[in-house]
$ cat structure.cif   # mmCIF, C-alpha atoms
data_coords
loop_
_atom_site.label_atom_id
_atom_site.label_comp_id
_atom_site.auth_asym_id
_atom_site.auth_seq_id
_atom_site.Cartn_x
_atom_site.Cartn_y
_atom_site.Cartn_z
CA ASP A 20 8.50 -4.84 -7.66
CA ALA A 21 5.01 -4.69 -9.13
CA GLY A 22 4.00 -1.61 -7.18
CA VAL A 23 0.39 -1.12 -6.15
CA THR A 24 -2.03 -3.17 -8.22
CA GLN A 25 -5.79 -2.80 -8.44
CA SER A 26 -8.51 -4.92 -9.99
CA PRO A 27 -10.59 -4.72 -12.00
CA THR A 28 -9.48 -1.89 -14.27
CA HIS A 29 -13.00 -0.95 -15.32
CA LEU A 30 -16.41 -1.93 -14.01
CA ILE A 31 -19.98 -1.14 -14.99
CA LYS A 32 -22.75 -1.65 -12.45
CA THR A 33 -26.43 -0.80 -12.15
CA ARG A 34 -27.96 1.41 -9.47
CA GLY A 35 -28.70 -0.55 -6.32
CA GLN A 36 -26.09 -3.20 -6.94
CA GLN A 37 -23.03 -3.90 -4.81
CA VAL A 38 -19.40 -3.80 -5.92
CA THR A 39 -16.06 -5.03 -4.55
CA LEU A 40 -12.77 -3.50 -5.61
CA ARG A 41 -9.40 -5.03 -4.78
CA CYS A 42 -5.96 -3.67 -4.04
CA SER A 43 -2.54 -5.27 -3.49
CA PRO A 44 -0.04 -2.95 -1.83
CA LYS A 45 3.55 -2.40 -2.80
CA SER A 46 5.92 -4.97 -1.34
CA GLY A 47 6.90 -4.07 2.23
CA HIS A 48 3.94 -1.77 2.81
CA ASP A 49 1.47 -2.40 5.62
CA THR A 50 -1.07 0.42 5.25
CA VAL A 51 -3.72 0.83 2.58
CA SER A 52 -5.79 3.93 1.91
CA TRP A 53 -8.70 4.30 -0.49
CA TYR A 54 -9.67 7.45 -2.38
CA GLN A 55 -12.55 8.36 -4.66
CA GLN A 56 -11.91 10.71 -7.57
CA ALA A 57 -14.87 12.15 -9.43
CA LEU A 58 -14.29 13.48 -12.93
CA GLY A 59 -12.41 16.77 -12.89
CA GLN A 60 -11.80 16.77 -9.15
CA GLY A 61 -8.97 15.79 -6.82
CA PRO A 62 -9.07 12.48 -4.98
CA GLN A 63 -11.16 12.36 -1.79
CA PHE A 64 -10.10 10.17 1.13
CA ILE A 65 -12.48 7.32 1.97
CA PHE A 66 -10.67 5.33 4.68
CA GLN A 67 -7.38 3.79 5.72
CA TYR A 68 -6.57 0.28 6.95
CA TYR A 69 -3.69 -0.80 9.12
CA GLU A 70 -3.32 -4.09 10.98
CA GLU A 71 -6.62 -5.24 9.48
CA GLU A 72 -8.55 -2.41 11.14
CA GLU A 73 -10.05 0.81 9.82
CA ARG A 74 -7.91 3.55 11.36
CA GLN A 75 -9.22 6.69 9.74
CA ARG A 76 -12.32 7.50 7.77
CA GLY A 77 -13.30 10.39 5.56
CA ASN A 78 -16.77 11.83 5.03
CA PHE A 79 -18.34 8.84 3.30
CA PRO A 80 -21.54 6.98 4.22
CA ASP A 81 -21.64 3.51 5.72
CA ARG A 82 -22.41 2.10 2.27
CA PHE A 83 -18.66 2.26 1.82
CA SER A 84 -16.86 -0.43 3.76
CA GLY A 85 -13.56 -2.17 3.55
CA HIS A 86 -11.36 -4.95 4.70
CA GLN A 87 -7.67 -5.64 5.02
CA PHE A 88 -6.30 -9.16 4.93
CA PRO A 89 -3.30 -10.61 6.78
CA ASN A 90 -1.19 -10.24 3.62
CA TYR A 91 -2.01 -6.47 3.70
CA SER A 92 -4.16 -6.57 0.58
CA SER A 93 -7.46 -4.75 0.82
CA GLU A 94 -10.98 -4.61 -0.54
CA LEU A 95 -13.38 -1.71 -0.91
CA ASN A 96 -17.07 -2.58 -0.90
CA VAL A 97 -19.83 -0.23 -1.93
CA ASN A 98 -23.47 -1.22 -1.35
CA ALA A 99 -26.65 0.17 -2.87
CA LEU A 100 -24.79 1.92 -5.67
CA LEU A 101 -25.90 5.41 -6.70
CA LEU A 102 -25.21 7.21 -9.95
CA GLY A 103 -23.00 9.57 -7.96
CA ASP A 104 -20.70 6.71 -7.02
CA SER A 105 -19.37 6.72 -10.57
CA ALA A 106 -15.71 7.63 -10.18
CA LEU A 107 -12.11 6.48 -10.29
CA TYR A 108 -11.30 4.57 -7.11
CA LEU A 109 -7.68 4.79 -6.10
CA CYS A 110 -5.77 2.64 -3.66
CA ALA A 111 -2.59 3.91 -2.02
CA SER A 112 -0.15 1.97 0.09
CA SER A 113 2.53 3.05 2.52
CA TYR A 114 4.64 1.83 5.39
CA LEU A 115 3.19 3.35 8.53
CA GLY A 116 6.40 3.35 10.47
CA THR A 117 8.72 5.59 8.57
CA SER A 118 7.66 6.30 5.01
CA TYR A 119 6.40 9.75 4.18
CA GLU A 120 4.88 9.08 0.81
CA GLN A 121 1.94 7.09 -0.42
CA TYR A 122 2.19 5.01 -3.57
CA PHE A 123 -0.94 4.98 -5.68
CA GLY A 124 -2.27 2.29 -7.95
CA PRO A 125 -3.72 3.00 -11.39
CA GLY A 126 -7.28 2.94 -10.06
CA THR A 127 -10.53 1.22 -10.90
CA ARG A 128 -12.97 3.14 -13.07
CA LEU A 129 -16.51 2.44 -11.79
CA THR A 130 -19.49 3.46 -13.88
CA VAL A 131 -22.96 3.21 -12.36
CA THR A 132 -25.87 3.27 -14.81
CA ASP B 145 -4.62 20.18 7.76
CA ALA B 146 -4.10 23.67 6.37
CA LYS B 147 -5.86 24.73 3.17
CA THR B 148 -3.85 25.38 0.00
CA THR B 149 -4.47 27.66 -2.99
CA GLN B 150 -3.04 26.95 -6.44
CA PRO B 151 -3.60 28.45 -9.89
CA THR B 152 -6.02 26.44 -11.98
CA SER B 153 -3.71 26.09 -14.94
CA MET B 154 -0.26 27.01 -16.27
CA ASP B 155 1.67 26.56 -19.50
CA CYS B 156 5.40 26.02 -19.87
CA ALA B 157 7.66 25.66 -22.90
CA GLU B 158 9.46 22.36 -23.25
CA GLY B 159 13.01 22.56 -21.89
CA ARG B 160 12.26 25.57 -19.71
CA ALA B 161 11.79 25.56 -15.95
CA ALA B 162 8.24 25.17 -14.70
CA ASN B 163 7.53 27.07 -11.49
CA LEU B 164 4.30 26.04 -9.77
CA PRO B 165 3.21 28.24 -6.83
CA CYS B 166 1.17 27.27 -3.81
CA ASN B 167 -0.21 29.41 -0.99
CA HIS B 168 -0.71 27.87 2.46
CA SER B 169 -0.99 30.91 4.70
CA THR B 170 -2.57 28.99 7.62
CA ILE B 171 0.13 26.35 7.83
CA SER B 172 1.19 25.42 11.34
CA GLY B 173 4.68 24.69 12.60
CA ASN B 174 4.44 20.91 12.41
CA GLU B 175 2.78 20.69 9.01
CA TYR B 176 4.73 19.54 5.99
CA VAL B 177 4.27 20.63 2.38
CA TYR B 178 3.86 17.73 -0.06
CA TRP B 179 3.63 17.76 -3.84
CA TYR B 180 2.03 15.03 -5.92
CA ARG B 181 1.20 14.96 -9.59
CA GLN B 182 -1.34 13.02 -11.60
CA ILE B 183 -0.76 12.28 -15.24
CA HIS B 184 -3.98 11.71 -17.14
CA SER B 185 -5.66 8.39 -16.35
CA GLN B 186 -3.00 7.38 -13.82
CA GLY B 187 -2.83 7.41 -10.02
CA PRO B 188 -1.13 10.33 -8.27
CA GLN B 189 2.65 10.18 -7.96
CA TYR B 190 4.67 11.54 -5.06
CA ILE B 191 7.18 14.23 -6.08
CA ILE B 192 8.73 15.85 -3.03
CA HIS B 193 8.01 17.14 0.46
CA GLY B 194 9.54 19.62 2.91
CA LEU B 195 9.09 21.31 6.27
CA LYS B 196 10.99 24.59 6.12
CA ASN B 197 14.22 24.04 4.24
CA ASN B 198 14.48 23.93 0.49
CA GLU B 199 14.54 20.39 -0.86
CA THR B 200 15.76 18.85 -4.10
CA ASN B 201 15.51 15.39 -5.55
CA GLU B 202 15.85 13.83 -8.97
CA MET B 203 12.41 15.04 -10.02
CA ALA B 204 12.11 18.57 -8.70
CA SER B 205 13.05 21.28 -6.22
CA LEU B 206 10.83 22.66 -3.50
CA ILE B 207 11.32 26.22 -2.33
CA ILE B 208 9.48 27.19 0.89
CA THR B 209 9.40 30.83 1.94
CA GLU B 210 10.89 31.77 5.28
CA ASP B 211 7.46 32.44 6.82
CA ARG B 212 6.27 29.11 5.30
CA LYS B 213 3.10 30.73 3.98
CA SER B 214 3.87 29.76 0.40
CA SER B 215 6.02 27.41 -1.65
CA THR B 216 7.09 26.82 -5.24
CA LEU B 217 7.66 23.52 -6.98
CA ILE B 218 10.31 23.79 -9.68
CA LEU B 219 10.69 21.35 -12.54
CA PRO B 220 14.06 22.47 -13.90
CA HIS B 221 13.75 21.26 -17.49
CA ALA B 222 10.13 20.48 -18.27
CA THR B 223 9.34 17.80 -20.84
CA LEU B 224 6.09 16.86 -22.54
CA ARG B 225 5.80 13.96 -20.08
CA ASP B 226 5.54 16.48 -17.23
CA THR B 227 2.10 17.53 -18.45
CA ALA B 228 -0.12 16.66 -15.48
CA VAL B 229 -2.21 18.01 -12.63
CA TYR B 230 0.06 19.05 -9.76
CA TYR B 231 -1.30 18.98 -6.21
CA CYS B 232 0.15 20.92 -3.31
CA ILE B 233 -0.88 19.33 0.01
CA VAL B 234 -0.20 20.41 3.56
CA ARG B 235 -0.28 17.65 6.09
CA TYR B 236 0.55 17.26 9.75
CA GLY B 237 3.51 15.08 10.50
CA ARG B 238 6.13 13.39 8.43
CA GLY B 239 4.73 9.89 8.43
CA SER B 240 2.09 8.43 6.21
CA ALA B 241 -0.45 7.81 8.95
CA ARG B 242 -2.65 10.73 8.01
CA GLN B 243 -4.66 10.92 4.83
CA LEU B 244 -3.84 13.22 1.95
CA THR B 245 -6.32 16.04 1.39
CA PHE B 246 -6.25 16.92 -2.30
CA GLY B 247 -7.52 20.21 -3.67
CA SER B 248 -8.16 20.92 -7.33
CA GLY B 249 -4.48 21.27 -8.23
CA THR B 250 -2.78 23.04 -11.12
CA GLN B 251 -3.04 21.67 -14.64
CA LEU B 252 0.45 22.11 -16.09
CA THR B 253 0.67 21.87 -19.85
CA VAL B 254 4.16 21.63 -21.35
CA LEU B 255 4.13 22.99 -24.88
CA PRO B 256 6.48 21.78 -27.64
#
$ encode --input "structure.cif" --output "structure tokens"
Amino acid sequence: DAGVTQSPTHLIKTRGQQVTLRCSPKSGHDTVSWYQQALGQGPQFIFQYYEEEERQRGNFPDRFSGHQFPNYSSELNVNALLLGDSALYLCASSYLGTSYEQYFGPGTRLTVT
Amino acid sequence: DAKTTQPTSMDCAEGRAANLPCNHSTISGNEYVYWYRQIHSQGPQYIIHGLKNNETNEMASLIITEDRKSSTLILPHATLRDTAVYYCIVRYGRGSARQLTFGSGTQLTVLP
């Protein structure tokens, strides 16, 4: 079992650009959540996808959007990048029905210059 | 979800037990206590969770006070690989439907 995988590992973008991050959940999982972790802080919840729909959303602007595909993989899109969007972006997967834990991927380090 | 308070940092000698405290005085009856840890440059890792009874698994033990206002995560024989930030999270419900609300956590450093 490969666990949760994320791509790319690192990314450098310029202010104003758009970025897409990708996540493949652990085998058997149907729910994907995205978190943003700024340097020195705990992860902050962005949104959660289940059955290809956004089910919950944290306090993030509409520049942050996502998608879940029929195979449960997910994308996080960020438009009009700001310097403050520089962070580690973490994807977590779980099985909505019965599992009580979320499995996190290694994250994508985004740097906005 | 109830707010949690943890010490910013703690040290522990290798081979000794590491006891990490967490206060959650506003916890409600249907909120669970979860512990995750994050080793440097990795994603958080689930450790253990509990409602009101003490819990133990292969990684750690979780002791929850009778009034449920605080808890302690115990790593019985800490190793250098246990050096990480440990997050105590209180969350409604047992399932994974709700998001995790992370605080600042406790930086545990295991010393040789």
$ residues_near_point --input "structure.cif" --point "(1.5, -4.3, -4.4)" --cutoff "7 Å" --atoms "all atoms listed in the file" --output "list in words"
Ala21, Gly22, Val23, Thr24, Ser43, Pro44, Lys45 and Ser46 of chain A
$ write_last_selection --input "structure.cif" --atoms "C-alpha atoms" --output "mmCIF file, in the frame of the given file"
data_model
loop_
_atom_site.group_PDB
_atom_site.id
_atom_site.type_symbol
_atom_site.label_atom_id
_atom_site.label_comp_id
_atom_site.auth_asym_id
_atom_site.auth_seq_id
_atom_site.Cartn_x
_atom_site.Cartn_y
_atom_site.Cartn_z
ATOM 1 C CA ALA A 21 5.010 -4.690 -9.130
ATOM 2 C CA GLY A 22 4.000 -1.610 -7.180
ATOM 3 C CA VAL A 23 0.390 -1.120 -6.150
ATOM 4 C CA THR A 24 -2.030 -3.170 -8.220
ATOM 5 C CA SER A 43 -2.540 -5.270 -3.490
ATOM 6 C CA PRO A 44 -0.040 -2.950 -1.830
ATOM 7 C CA LYS A 45 3.550 -2.400 -2.800
ATOM 8 C CA SER A 46 5.920 -4.970 -1.340
#
$ interface_residues --input "structure.cif" --of "chain A" --to "chain B" --cutoff "6 Å" --atoms "all atoms listed in the file" --output "list in words"
Gln60, Gly61, Pro62, Leu115, Thr117, Ser118, Tyr119, Phe123, Gly124 and Pro125 of chain A
$ atom_distance --input "structure.cif" --atom1 "CA of Gln36 (chain A)" --atom2 "CA of Tyr108 (chain A)"
16.7 Å
$ closest_residue --input "structure.cif" --among "A:Gln63, A:Ser112, A:Ser93, A:Ser105" --to "Phe79 (chain A)" --atoms "only C-alpha atoms"
A:Gln63
$ atom_distance --input "structure.cif" --atom1 "CA of Ala106 (chain A)" --atom2 "CA of Leu30 (chain A)"
10.3 Å
$ resolve_selection --input "structure.cif" --expression "the PyMOL selection byres ((chain B and resi 177) around 7)" --output "list in words"
Glu175, Tyr176, Tyr178, Trp179, His193, Gly194, Leu195, Ile233, Val234 and Arg235 of chain B
$ write_last_selection --input "structure.cif" --atoms "C-alpha atoms" --output "compact mmCIF listing (two decimals), in the coordinates of the input"
# COMPACT_ATOMS: atom_id res chain seq x y z
CA GLU B 175 2.78 20.69 9.01
CA TYR B 176 4.73 19.54 5.99
CA TYR B 178 3.86 17.73 -0.06
CA TRP B 179 3.63 17.76 -3.84
CA HIS B 193 8.01 17.14 0.46
CA GLY B 194 9.54 19.62 2.91
CA LEU B 195 9.09 21.31 6.27
CA ILE B 233 -0.88 19.33 0.01
CA VAL B 234 -0.20 20.41 3.56
CA ARG B 235 -0.28 17.65 6.09
$ atom_distance --input "structure.cif" --atom1 "CA of Gln56 (chain A)" --atom2 "CA of Leu129 (chain A)"
10.4 Å
$ closest_residue --input "structure.cif" --among "A:Ala111, A:Tyr68, A:Pro89, A:Asp104" --to "Ile31 (chain A)" --atoms "only C-alpha atoms"
A:Asp104
$ resolve_selection --input "structure.cif" --expression "the PyMOL selection byres ((chain A and resi 102) around 8)" --output "JSON, numbers by chain"
{"A": [34, 100, 101, 103, 104, 105, 130, 131, 132]}
$ resolve_selection --input "structure.cif" --expression "the PyMOL selection byres ((chain A and resi 53) around 6)" --output "list in words"
Ser52, Tyr54, Ile65, Phe66, Leu109 and Cys110 of chain A
$ closest_residue --input "structure.cif" --among "B:Leu219, B:Asn197, B:Asp155, B:Tyr236" --to "Asn174 (chain B)" --atoms "all atoms listed in the file"
B:Tyr236
$ residues_around --input "structure.cif" --residues "Pro220 (chain B)" --least-positions-apart "5" --cutoff "12 Å" --atoms "all atoms listed in the file" --output "mmCIF file with C-alpha atoms, in the coordinates of the input"
data_model
loop_
_atom_site.group_PDB
_atom_site.id
_atom_site.type_symbol
_atom_site.label_atom_id
_atom_site.label_comp_id
_atom_site.auth_asym_id
_atom_site.auth_seq_id
_atom_site.Cartn_x
_atom_site.Cartn_y
_atom_site.Cartn_z
ATOM 1 C CA CYS B 156 5.400 26.020 -19.870
ATOM 2 C CA ALA B 157 7.660 25.660 -22.900
ATOM 3 C CA GLU B 158 9.460 22.360 -23.250
ATOM 4 C CA GLY B 159 13.010 22.560 -21.890
ATOM 5 C CA ARG B 160 12.260 25.570 -19.710
ATOM 6 C CA ALA B 161 11.790 25.560 -15.950
ATOM 7 C CA ALA B 162 8.240 25.170 -14.700
ATOM 8 C CA ASN B 163 7.530 27.070 -11.490
ATOM 9 C CA LEU B 164 4.300 26.040 -9.770
ATOM 10 C CA THR B 200 15.760 18.850 -4.100
ATOM 11 C CA ASN B 201 15.510 15.390 -5.550
ATOM 12 C CA GLU B 202 15.850 13.830 -8.970
ATOM 13 C CA MET B 203 12.410 15.040 -10.020
ATOM 14 C CA ALA B 204 12.110 18.570 -8.700
ATOM 15 C CA SER B 205 13.050 21.280 -6.220
ATOM 16 C CA LEU B 206 10.830 22.660 -3.500
ATOM 17 C CA ASP B 226 5.540 16.480 -17.230
#
$ closest_residue --input "structure.cif" --among "A:Pro27, A:Phe64, A:His48, A:Asn90" --to "Arg76 (chain A)" --atoms "all atoms listed in the file"
A:Phe64
$ residues_around --input "structure.cif" --residues "Ser215 (chain B)" --least-positions-apart "2" --cutoff "8 Å" --atoms "only C-alpha atoms" --output "list in words"
Pro165, Cys166, Asn167, His168, Leu206, Ile207, Ile208, Thr209, Arg212, Lys213 and Leu217 of chain B
$ write_last_selection --input "structure.cif" --atoms "C-alpha atoms" --output "PDB file, keeping the file's coordinate frame"
ATOM      1  CA  PRO B 165       3.210  28.240  -6.830  1.00  0.00           C
ATOM      2  CA  CYS B 166       1.170  27.270  -3.810  1.00  0.00           C
ATOM      3  CA  ASN B 167      -0.210  29.410  -0.990  1.00  0.00           C
ATOM      4  CA  HIS B 168      -0.710  27.870   2.460  1.00  0.00           C
ATOM      5  CA  LEU B 206      10.830  22.660  -3.500  1.00  0.00           C
ATOM      6  CA  ILE B 207      11.320  26.220  -2.330  1.00  0.00           C
ATOM      7  CA  ILE B 208       9.480  27.190   0.890  1.00  0.00           C
ATOM      8  CA  THR B 209       9.400  30.830   1.940  1.00  0.00           C
ATOM      9  CA  ARG B 212       6.270  29.110   5.300  1.00  0.00           C
ATOM     10  CA  LYS B 213       3.100  30.730   3.980  1.00  0.00           C
ATOM     11  CA  LEU B 217       7.660  23.520  -6.980  1.00  0.00           C
TER      12      LEU B 217
END
$ closest_residue --input "structure.cif" --among "B:Glu199, B:Thr152, B:Val254, B:Glu210" --to "Thr223 (chain B)" --atoms "all atoms listed in the file"
B:Val254
$ residues_around --input "structure.cif" --residues "Arg41 (chain A)" --least-positions-apart "5" --cutoff "6 Å" --atoms "all atoms listed in the file" --output "list in words"
Gln25, Ser26, Ser93 and Glu94 of chain A
$ closest_residue --input "structure.cif" --among "A:Val51, A:Tyr114, A:Ala99, A:Gln67" --to "Arg82 (chain A)" --atoms "all atoms listed in the file"
A:Ala99
$ build_atoms --input "structure.cif" --residues "region 188-199 of chain B" --atoms "all heavy atoms" --output "mmCIF file, in the coordinates of the input"
data_model
loop_
_atom_site.group_PDB
_atom_site.id
_atom_site.type_symbol
_atom_site.label_atom_id
_atom_site.label_comp_id
_atom_site.auth_asym_id
_atom_site.auth_seq_id
_atom_site.Cartn_x
_atom_site.Cartn_y
_atom_site.Cartn_z
ATOM 1 N N PRO B 188 -2.083 9.285 -8.660
ATOM 2 C CA PRO B 188 -1.130 10.330 -8.270
ATOM 3 C C PRO B 188 0.248 9.743 -7.953
ATOM 4 O O PRO B 188 0.375 8.601 -7.516
ATOM 5 C CB PRO B 188 -1.772 10.937 -7.016
ATOM 6 C CG PRO B 188 -3.228 10.661 -7.165
ATOM 7 C CD PRO B 188 -3.295 9.322 -7.842
ATOM 8 N N GLN B 189 1.260 10.573 -8.174
ATOM 9 C CA GLN B 189 2.650 10.180 -7.960
ATOM 10 C C GLN B 189 3.305 11.171 -7.027
ATOM 11 O O GLN B 189 3.224 12.389 -7.252
ATOM 12 C CB GLN B 189 3.387 10.140 -9.307
ATOM 13 C CG GLN B 189 4.872 9.839 -9.215
ATOM 14 C CD GLN B 189 5.588 10.086 -10.532
ATOM 15 O OE1 GLN B 189 5.131 10.846 -11.382
ATOM 16 N NE2 GLN B 189 6.726 9.433 -10.706
ATOM 17 N N TYR B 190 3.947 10.680 -5.987
ATOM 18 C CA TYR B 190 4.670 11.540 -5.060
ATOM 19 C C TYR B 190 5.847 12.212 -5.781
ATOM 20 O O TYR B 190 6.552 11.576 -6.581
ATOM 21 C CB TYR B 190 5.190 10.715 -3.885
ATOM 22 C CG TYR B 190 6.236 11.394 -3.042
ATOM 23 C CD1 TYR B 190 5.879 12.278 -2.032
ATOM 24 C CD2 TYR B 190 7.590 11.161 -3.267
ATOM 25 C CE1 TYR B 190 6.847 12.902 -1.254
ATOM 26 C CE2 TYR B 190 8.553 11.782 -2.493
ATOM 27 C CZ TYR B 190 8.178 12.651 -1.490
ATOM 28 O OH TYR B 190 9.135 13.266 -0.735
ATOM 29 N N ILE B 191 6.048 13.524 -5.494
ATOM 30 C CA ILE B 191 7.180 14.230 -6.080
ATOM 31 C C ILE B 191 8.207 14.572 -5.007
ATOM 32 O O ILE B 191 9.377 14.189 -5.093
ATOM 33 C CB ILE B 191 6.725 15.518 -6.784
ATOM 34 C CG1 ILE B 191 5.713 15.221 -7.888
ATOM 35 C CG2 ILE B 191 7.939 16.263 -7.359
ATOM 36 C CD1 ILE B 191 5.095 16.469 -8.510
ATOM 37 N N ILE B 192 7.786 15.315 -3.998
ATOM 38 C CA ILE B 192 8.730 15.850 -3.030
ATOM 39 C C ILE B 192 7.967 16.352 -1.815
ATOM 40 O O ILE B 192 6.756 16.574 -1.902
ATOM 41 C CB ILE B 192 9.566 16.971 -3.684
ATOM 42 C CG1 ILE B 192 10.860 17.260 -2.920
ATOM 43 C CG2 ILE B 192 8.725 18.232 -3.870
ATOM 44 C CD1 ILE B 192 11.824 18.154 -3.704
ATOM 45 N N HIS B 193 8.642 16.524 -0.696
ATOM 46 C CA HIS B 193 8.010 17.140 0.460
ATOM 47 C C HIS B 193 9.074 17.927 1.239
ATOM 48 O O HIS B 193 10.278 17.682 1.085
ATOM 49 C CB HIS B 193 7.331 16.112 1.356
ATOM 50 C CG HIS B 193 8.274 15.337 2.230
ATOM 51 N ND1 HIS B 193 9.067 14.328 1.740
ATOM 52 C CD2 HIS B 193 8.555 15.442 3.551
ATOM 53 C CE1 HIS B 193 9.795 13.824 2.725
ATOM 54 N NE2 HIS B 193 9.520 14.486 3.831
ATOM 55 N N GLY B 194 8.611 18.843 2.091
ATOM 56 C CA GLY B 194 9.540 19.620 2.910
ATOM 57 C C GLY B 194 8.831 20.245 4.090
ATOM 58 O O GLY B 194 7.611 20.379 4.106
ATOM 59 N N LEU B 195 9.629 20.653 5.070
ATOM 60 C CA LEU B 195 9.090 21.310 6.270
ATOM 61 C C LEU B 195 9.385 22.805 6.229
ATOM 62 O O LEU B 195 8.482 23.627 6.258
ATOM 63 C CB LEU B 195 9.677 20.675 7.522
ATOM 64 C CG LEU B 195 9.184 21.241 8.856
ATOM 65 C CD1 LEU B 195 7.681 21.039 9.004
ATOM 66 C CD2 LEU B 195 9.932 20.610 10.015
ATOM 67 N N LYS B 196 10.657 23.172 6.203
ATOM 68 C CA LYS B 196 10.990 24.590 6.120
ATOM 69 C C LYS B 196 12.243 24.863 5.308
ATOM 70 O O LYS B 196 12.465 25.985 4.883
ATOM 71 C CB LYS B 196 11.143 25.187 7.511
ATOM 72 C CG LYS B 196 12.098 24.449 8.423
ATOM 73 C CD LYS B 196 12.068 25.064 9.805
ATOM 74 C CE LYS B 196 12.945 24.287 10.780
ATOM 75 N NZ LYS B 196 12.883 24.853 12.151
ATOM 76 N N ASN B 197 13.043 23.857 5.078
ATOM 77 C CA ASN B 197 14.220 24.040 4.240
ATOM 78 C C ASN B 197 13.892 23.690 2.801
ATOM 79 O O ASN B 197 12.995 22.918 2.520
ATOM 80 C CB ASN B 197 15.353 23.134 4.729
ATOM 81 C CG ASN B 197 15.780 23.485 6.132
ATOM 82 O OD1 ASN B 197 15.878 24.660 6.487
ATOM 83 N ND2 ASN B 197 16.017 22.482 6.949
ATOM 84 N N ASN B 198 14.638 24.280 1.882
ATOM 85 C CA ASN B 198 14.480 23.930 0.490
ATOM 86 C C ASN B 198 14.934 22.494 0.280
ATOM 87 O O ASN B 198 15.881 22.025 0.918
ATOM 88 C CB ASN B 198 15.278 24.889 -0.393
ATOM 89 C CG ASN B 198 14.785 26.318 -0.267
ATOM 90 O OD1 ASN B 198 13.652 26.566 0.124
ATOM 91 N ND2 ASN B 198 15.655 27.263 -0.589
ATOM 92 N N GLU B 199 14.236 21.791 -0.602
ATOM 93 C CA GLU B 199 14.540 20.390 -0.860
ATOM 94 C C GLU B 199 14.707 20.173 -2.358
ATOM 95 O O GLU B 199 14.071 20.865 -3.176
ATOM 96 C CB GLU B 199 13.413 19.495 -0.334
ATOM 97 C CG GLU B 199 13.119 19.613 1.142
ATOM 98 C CD GLU B 199 14.178 19.003 2.019
ATOM 99 O OE1 GLU B 199 15.016 18.238 1.508
ATOM 100 O OE2 GLU B 199 14.163 19.282 3.250
#
